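Colleague: Below you'll find the structure I mean.
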Amino acid sequence: MTKAPLAAYPALRMRRLRQADWIRRLVRETVLTPADLIWSMVVHEGEGQIPVGSMPGISRFSVKDCAAAAKEARSLGIPAIAVFPHIDGAKKDATGRLAHDPNGIVATAVKAMKDAAPEVGIMCDVALDPFTDHGHDGLLENGRIVNDATVETLVAQALMQAKAGCDILAPSDMMDGRCGAIRSALEAEGLQDVMIMSYAAKYASAFYGPYREAIGSGKLGTGSVDNPADKKTYQMDNANHAEALREVALDIAEGADMVMVKPGMPYLDIVRQVVDAFGMPTFAFQVSGEYAMIMAAAQNGWLDEDRSILESLGGFKRAGASGVITYFAPRAARLLGA
Ligand code: PBG
């Protein structure tokens with residue numbers, strides 16, 4: 001007679017519930033569906049699609065492509081699209097003047113997408129970096145990002161986006177007090193139904209690298225007085241977790257409806273802590289560098305692309321996230337059988 005591997009605990013055989021697909025499905029603790037995905041998308045001012053070199057499989061979309069993508073999202077069951085603008089370098093200036101242009105590319109794309117598929121939620125980034133020639137998210141004075149003056153322009157940008165039809169404003173700038181200022185302005189303008197998903201715990205990260213190429217904010221990082229080399233005076237130090245909870249608490253108090261942790265995969269501990277502490281709808285952003293990592297390895301034959309995509313997205317659900325902002329959204333929705 002063969003001896004049981006754990007004679008003292010004969011009933012403890014964890015593999016019993018893993019023996020076949022049907023039982024694995026039956027005891028599965030979390031599931032990923034297309035309804036968990038927010039499609040991250042870059043729009044540009046020209047015609048056609050322009051591939052982003054550092055993000056294989058991703059192109060900047062024209063306004064027309066964005067409208068078509070909104071219909072595609074609808075048919076794939078993807079609830080929302082987050083749109084990010086690529087602006088011609090010649091149109092950028094130190095103050096990011098075009099950030100609140102009511103006839104600019106963001107307003108145009110939002111309107112086109114809402115016209116094409118009104119059932120799909122549209123989310124806009126509130127931050128100046130696509131529009132500033134120095135690539136920072138705020139206004140610069142003597143080498144410092146000034147907080148309160150930046151918040152004023154962010155409010156103008158947010159109101160422009162809301163009036164264009166944007167459903168969710170997503171402040172990604174990390175200025176203090178911006179959620180409250182945006183929420184008050186929305187109330188004052190009778191736009192009380194517009195949602196705020198704050199990038200509450202956003203870290204200064206190397207993983208945003210490919211995004212800078214995607215939106216053409218390449219200049220950041222000269223390190224000169226008029227262009228600080230990094231975003232560490234406003235984005236969080238990646239060693240911190242208690243601070244993330246304070247950031248989230250503040251944004252909720254100021255009127256955020258949903259909160260976000262960013263980047264995603266290296267910060268799953270923060271997602272879990274935020275979910276446990278606040279019970280708020282909490283999202284994670286699988287950022288450009290995370291996308292690039294998986295694609296680069298897959299293209300070398302080092303990772304199975306489809307399985308890595310689904311496993312990485314599933315991890316966010318296991319960590320407790322309500323959903324994930326991801327460049328993989330349409331791809332993942334198809335893999336999930338949409
Ligand atoms: C800027 C912004 C960034 C991203 C979204 N909004 C970059 C940054 O903060 O430097 C990153 C997105 C990505 O890497 O996919 N406000």
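Just remember, in the structure tokens the first chain shown is A, the second B, etc., residues are 1-based per chain, and ligands are 1-based in the order shown.
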Please extract the residues of stretch 4-249 of chain A with a backbone DSSP assignment of strand (DSSP E or B) and present them as a PyMOL selection string.
Modeller: chain A and resi 37-44+50-51+59-61+80-86+93+121-126+132+139-141+144-146+168-171+195-203+236
Colleague: Can you work out which residues are within 7 Å of ligand 1, considering only C-alpha atoms and all ligand atoms, and then hand them over as an MDAnalysis selection string?
Modeller: chainID A and resid 125 127:129 137 172:173 207:212 286:289
Colleague: Pick from A:Ile215, A:Ala321, A:Ala116, A:Ile309: nearest to A:Tyr267, with only C-alpha atoms counted?
Modeller: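 So, comparing all the options, the nearest one is A:Ala321.
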Colleague: Residues at most 8 Å from A:Met265, counting only C-alpha atoms, excluding those fewer than 4 positions away in the same chain, as a ChimeraX atom specification?
Modeller: /A:286,290,312,315-316
Colleague: Counting only C-alpha atoms, what is within 10 Å of A:Pro330, bar same-chain residues fewer than 4 positions away, as a PyMOL selection string?
Modeller: chain A and resi 34+37-40+69+72-73+76-78+326+334-336+338
Colleague: Please provide as an NGL selection string all residues within 12 Å of A:Gly48, with the sequence filter that same-chain residues fewer than 4 positions apart are discarded (counting only C-alpha atoms).
Modeller: :A and (43-44 or 59-66)
Colleague: Store the residues of this selection in a file with N, CA and C atoms, as a CSV table (one decimal), in the first residue's frame.
Modeller:
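Final output, saved to result-v5.csv:
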```csv
chain,number,residue,atom,x,y,z
A,43,VAL,N,-5.0,59.7,-29.5
A,43,VAL,CA,-5.6,60.3,-30.7
A,43,VAL,C,-4.6,61.4,-31.2
A,44,HIS,N,-4.5,61.5,-32.5
A,44,HIS,CA,-3.7,62.6,-33.1
A,44,HIS,C,-4.5,63.4,-34.1
A,59,SER,N,-1.2,52.1,-32.3
A,59,SER,CA,-1.0,53.2,-33.2
A,59,SER,C,-1.8,54.4,-32.6
A,60,ARG,N,-1.3,55.6,-32.9
A,60,ARG,CA,-2.1,56.8,-32.6
A,60,ARG,C,-3.3,56.8,-33.6
A,61,PHE,N,-4.5,57.1,-33.2
A,61,PHE,CA,-5.7,57.0,-34.0
A,61,PHE,C,-6.1,58.4,-34.5
A,62,SER,N,-6.6,58.5,-35.7
A,62,SER,CA,-7.3,59.8,-36.1
A,62,SER,C,-8.6,59.9,-35.4
A,63,VAL,N,-9.2,61.0,-35.5
A,63,VAL,CA,-10.6,61.2,-34.9
A,63,VAL,C,-11.5,60.2,-35.4
A,64,LYS,N,-11.4,59.9,-36.8
A,64,LYS,CA,-12.3,58.9,-37.4
A,64,LYS,C,-12.1,57.5,-36.8
A,65,ASP,N,-10.8,57.2,-36.6
A,65,ASP,CA,-10.5,55.9,-36.0
A,65,ASP,C,-11.1,55.8,-34.6
A,66,CYS,N,-11.0,56.9,-33.9
A,66,CYS,CA,-11.5,56.9,-32.5
A,66,CYS,C,-13.0,56.6,-32.5
```
